[in-house]
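Colleague: Have a look at this one.
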Amino acid sequence: MGVLDKLSDYFSVSTTTGKRRKPMQTVEIKVKMDCDGCERRVRNSVAHMKGVKQVEINRKQSKVTVSGNVDRNRVLKKIQNTGKRAEFWPYIPYNLVAYPYISQAYDKKAPAGYVKNSMQAFSSPNAMDEKLTNMFSDENPNACSIM
(Lines give C-alpha, C1' and ligand atoms only; values in the text may rest on other atoms or scores of the structure.)
Protein backbone atom coordinates (compact mmCIF):
# COMPACT_ATOMS: atom_id res chain seq x y z
CA MET A 1 0.00 0.00 0.00
CA GLY A 2 2.87 2.39 0.68
CA VAL A 3 4.11 2.34 -2.93
CA LEU A 4 0.63 2.92 -4.36
CA ASP A 5 0.01 5.83 -2.01
CA LYS A 6 3.35 7.38 -2.98
CA LEU A 7 2.59 7.03 -6.69
CA SER A 8 -0.91 8.42 -6.31
CA ASP A 9 0.61 11.63 -4.95
CA TYR A 10 2.45 12.14 -8.25
CA PHE A 11 -0.38 11.14 -10.58
CA SER A 12 -3.84 12.49 -9.97
CA VAL A 13 -6.84 11.67 -12.08
CA SER A 14 -9.33 14.47 -11.95
CA THR A 15 -12.52 14.80 -13.96
CA THR A 16 -12.88 18.51 -13.25
CA THR A 17 -11.19 20.97 -15.56
CA GLY A 18 -10.82 23.86 -13.17
CA LYS A 19 -14.54 24.57 -12.73
CA ARG A 20 -15.68 24.82 -9.15
CA ARG A 21 -19.17 23.84 -8.16
CA LYS A 22 -21.36 26.48 -6.64
CA PRO A 23 -22.00 25.93 -2.93
CA MET A 24 -25.31 24.55 -1.74
CA GLN A 25 -27.50 27.48 -0.74
CA THR A 26 -31.09 28.54 -0.26
CA VAL A 27 -32.36 31.60 -2.14
CA GLU A 28 -35.52 33.34 -0.96
CA ILE A 29 -37.26 35.71 -3.38
CA LYS A 30 -40.37 37.85 -3.05
CA VAL A 31 -42.63 37.48 -6.09
CA LYS A 32 -46.22 38.70 -6.37
CA MET A 33 -48.35 35.77 -7.59
CA ASP A 34 -52.12 35.97 -7.98
CA CYS A 35 -53.19 32.66 -9.48
CA ASP A 36 -52.15 29.06 -10.16
CA GLY A 37 -50.90 30.04 -13.61
CA CYS A 38 -48.47 32.59 -12.15
CA GLU A 39 -47.24 30.05 -9.63
CA ARG A 40 -46.78 27.37 -12.31
CA ARG A 41 -44.90 29.75 -14.61
CA VAL A 42 -42.48 30.77 -11.85
CA ARG A 43 -41.99 27.16 -10.70
CA ASN A 44 -41.28 25.90 -14.22
CA SER A 45 -38.81 28.68 -14.98
CA VAL A 46 -36.72 27.92 -11.90
CA ALA A 47 -37.16 24.14 -11.62
CA HIS A 48 -35.37 23.47 -14.93
CA MET A 49 -32.26 25.44 -14.00
CA LYS A 50 -29.02 23.52 -13.59
CA GLY A 51 -28.23 22.73 -9.94
CA VAL A 52 -31.74 23.29 -8.52
CA LYS A 53 -32.68 20.60 -5.99
CA GLN A 54 -35.97 21.93 -4.57
CA VAL A 55 -38.45 24.72 -5.28
CA GLU A 56 -41.03 25.78 -2.68
CA ILE A 57 -43.67 28.41 -3.37
CA ASN A 58 -45.79 30.07 -0.70
CA ARG A 59 -48.35 32.17 -2.56
CA LYS A 60 -49.87 33.60 0.64
CA GLN A 61 -46.53 35.18 1.62
CA SER A 62 -45.49 35.83 -2.02
CA LYS A 63 -42.31 33.86 -1.35
CA VAL A 64 -40.30 31.52 -3.57
CA THR A 65 -37.59 29.40 -1.94
CA VAL A 66 -35.04 27.70 -4.20
CA SER A 67 -32.48 25.24 -2.79
CA GLY A 68 -29.52 23.84 -4.64
CA ASN A 69 -26.16 24.62 -6.18
CA VAL A 70 -27.31 27.85 -7.81
CA ASP A 71 -26.27 31.47 -8.11
CA ARG A 72 -28.79 33.74 -6.38
CA ASN A 73 -28.54 36.46 -9.05
CA ARG A 74 -29.25 33.98 -11.85
CA VAL A 75 -32.35 32.72 -10.01
CA LEU A 76 -33.59 36.30 -9.62
CA LYS A 77 -33.01 37.05 -13.32
CA LYS A 78 -34.77 33.84 -14.35
CA ILE A 79 -37.87 34.77 -12.32
CA GLN A 80 -37.82 38.32 -13.67
CA ASN A 81 -37.79 36.89 -17.22
CA THR A 82 -41.27 35.48 -16.57
CA GLY A 83 -42.58 39.06 -16.45
CA LYS A 84 -43.05 39.10 -12.68
CA ARG A 85 -41.59 41.77 -10.44
CA ALA A 86 -39.15 40.00 -8.13
CA GLU A 87 -36.68 40.98 -5.42
CA PHE A 88 -34.65 39.18 -2.80
CA TRP A 89 -36.62 38.39 0.37
CA PRO A 90 -36.32 41.57 2.48
CA TYR A 91 -37.86 40.23 5.72
CA ILE A 92 -36.59 38.38 8.78
CA PRO A 93 -38.54 36.85 11.69
CA TYR A 94 -39.41 39.52 14.24
CA ASN A 95 -38.10 37.50 17.19
CA LEU A 96 -34.53 37.83 15.84
CA VAL A 97 -34.67 41.63 16.06
CA ALA A 98 -34.12 43.67 19.23
CA TYR A 99 -36.45 46.53 18.23
CA PRO A 100 -39.08 45.15 15.78
CA TYR A 101 -41.49 48.09 15.98
CA ILE A 102 -39.25 51.01 15.01
CA SER A 103 -40.28 52.83 11.86
CA GLN A 104 -37.41 51.50 9.72
CA ALA A 105 -38.16 47.84 10.50
CA TYR A 106 -41.94 47.69 10.82
CA ASP A 107 -43.70 47.18 7.49
CA LYS A 108 -47.46 46.80 7.05
CA LYS A 109 -46.95 44.77 3.87
CA ALA A 110 -44.73 42.21 5.60
CA PRO A 111 -46.17 38.74 6.23
CA ALA A 112 -47.30 37.93 9.75
CA GLY A 113 -44.36 37.42 12.09
CA TYR A 114 -41.81 39.21 9.86
CA VAL A 115 -40.20 42.67 9.86
CA LYS A 116 -37.86 44.37 7.40
CA ASN A 117 -34.19 43.62 7.68
CA SER A 118 -32.71 46.99 8.72
CA MET A 119 -29.65 47.87 10.76
CA GLN A 120 -31.58 50.19 13.10
CA ALA A 121 -33.64 47.26 14.37
CA PHE A 122 -30.59 45.49 15.80
CA SER A 123 -29.20 46.60 19.13
CA SER A 124 -25.80 48.21 19.29
CA PRO A 125 -23.15 46.00 20.90
CA ASN A 126 -22.22 48.91 23.16
CA ALA A 127 -25.79 49.58 24.26
CA MET A 128 -26.14 50.22 28.00
CA ASP A 129 -29.36 48.23 28.42
CA GLU A 130 -27.69 45.15 26.95
CA LYS A 131 -24.78 45.46 29.36
CA LEU A 132 -27.12 45.79 32.34
CA THR A 133 -29.14 42.77 31.26
CA ASN A 134 -26.03 40.63 30.91
CA MET A 135 -24.71 41.80 34.28
CA PHE A 136 -27.45 39.87 36.13
CA SER A 137 -27.89 37.01 33.66
CA ASP A 138 -27.74 33.38 34.80
CA GLU A 139 -25.84 32.51 31.62
CA ASN A 140 -22.98 34.88 32.47
CA PRO A 141 -20.40 33.15 34.71
CA ASN A 142 -19.02 36.52 35.88
CA ALA A 143 -22.46 37.89 36.76
CA CYS A 144 -23.35 39.42 40.06
CA SER A 145 -24.38 36.71 42.51
CA ILE A 146 -26.06 38.80 45.19
CA MET A 147 -29.37 37.08 45.62
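Scheme for the C-alpha coordinates: letters A, B, ... for chains in order shown; per-chain residue numbers from 1; ligand numbers from 1 in order shown.
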Just the residues within 6 Å of Val27 (chain A), please, counting only C-alpha atoms, with nothing from its chain fewer than 5 positions along; format it as a list in words.
Modeller: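 Using only C-alpha atoms, the neighbours found are Thr65, Val66 and Arg72 of chain A.
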Colleague: Hey, could you make a per-residue contact list for region 63-110 of chain A against region 49-55 of chain A with 10 Å as the cut-off, showing the nearest pair of atoms and its distance in Å to one decimal, counting only C-alpha atoms, sorted by chain and number, as a Markdown table?
Modeller:
| residue | atom | partner | partner_atom | distance |
| --- | --- | --- | --- | --- |
| A:Val64 | CA | A:Val55 | CA | 7.2 |
| A:Thr65 | CA | A:Val55 | CA | 5.8 |
| A:Val66 | CA | A:Val55 | CA | 4.7 |
| A:Ser67 | CA | A:Gln54 | CA | 5.1 |
| A:Gly68 | CA | A:Val52 | CA | 4.5 |
| A:Asn69 | CA | A:Gly51 | CA | 4.7 |
| A:Val70 | CA | A:Gly51 | CA | 5.6 |
| A:Asp71 | CA | A:Gly51 | CA | 9.1 |
| A:Arg74 | CA | A:Met49 | CA | 9.3 |
| A:Val75 | CA | A:Met49 | CA | 8.3 |
| A:Lys78 | CA | A:Met49 | CA | 8.8 |
Colleague: What's around Trp89 (chain A) at 10 Å? Count only C-alpha atoms, leave out sequence neighbours fewer than 3 positions away in its own chain, and write the answer as a ChimeraX atom specification.
Modeller: /A:27-31,62-65,86,92,116-117
Colleague: Distance CA of Thr26 (chain A)-CA of Leu96 (chain A), one decimal place?
Modeller: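 Calculated distance between CA of Thr26 (chain A) and CA of Leu96 (chain A) is 18.9 Å.
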Colleague: One decimal, Å: what's the distance from CA of Tyr91 (chain A) over to CA of Tyr114 (chain A), could you say?
Modeller: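 Rounded to one decimal, the two atoms are 5.8 Å apart.
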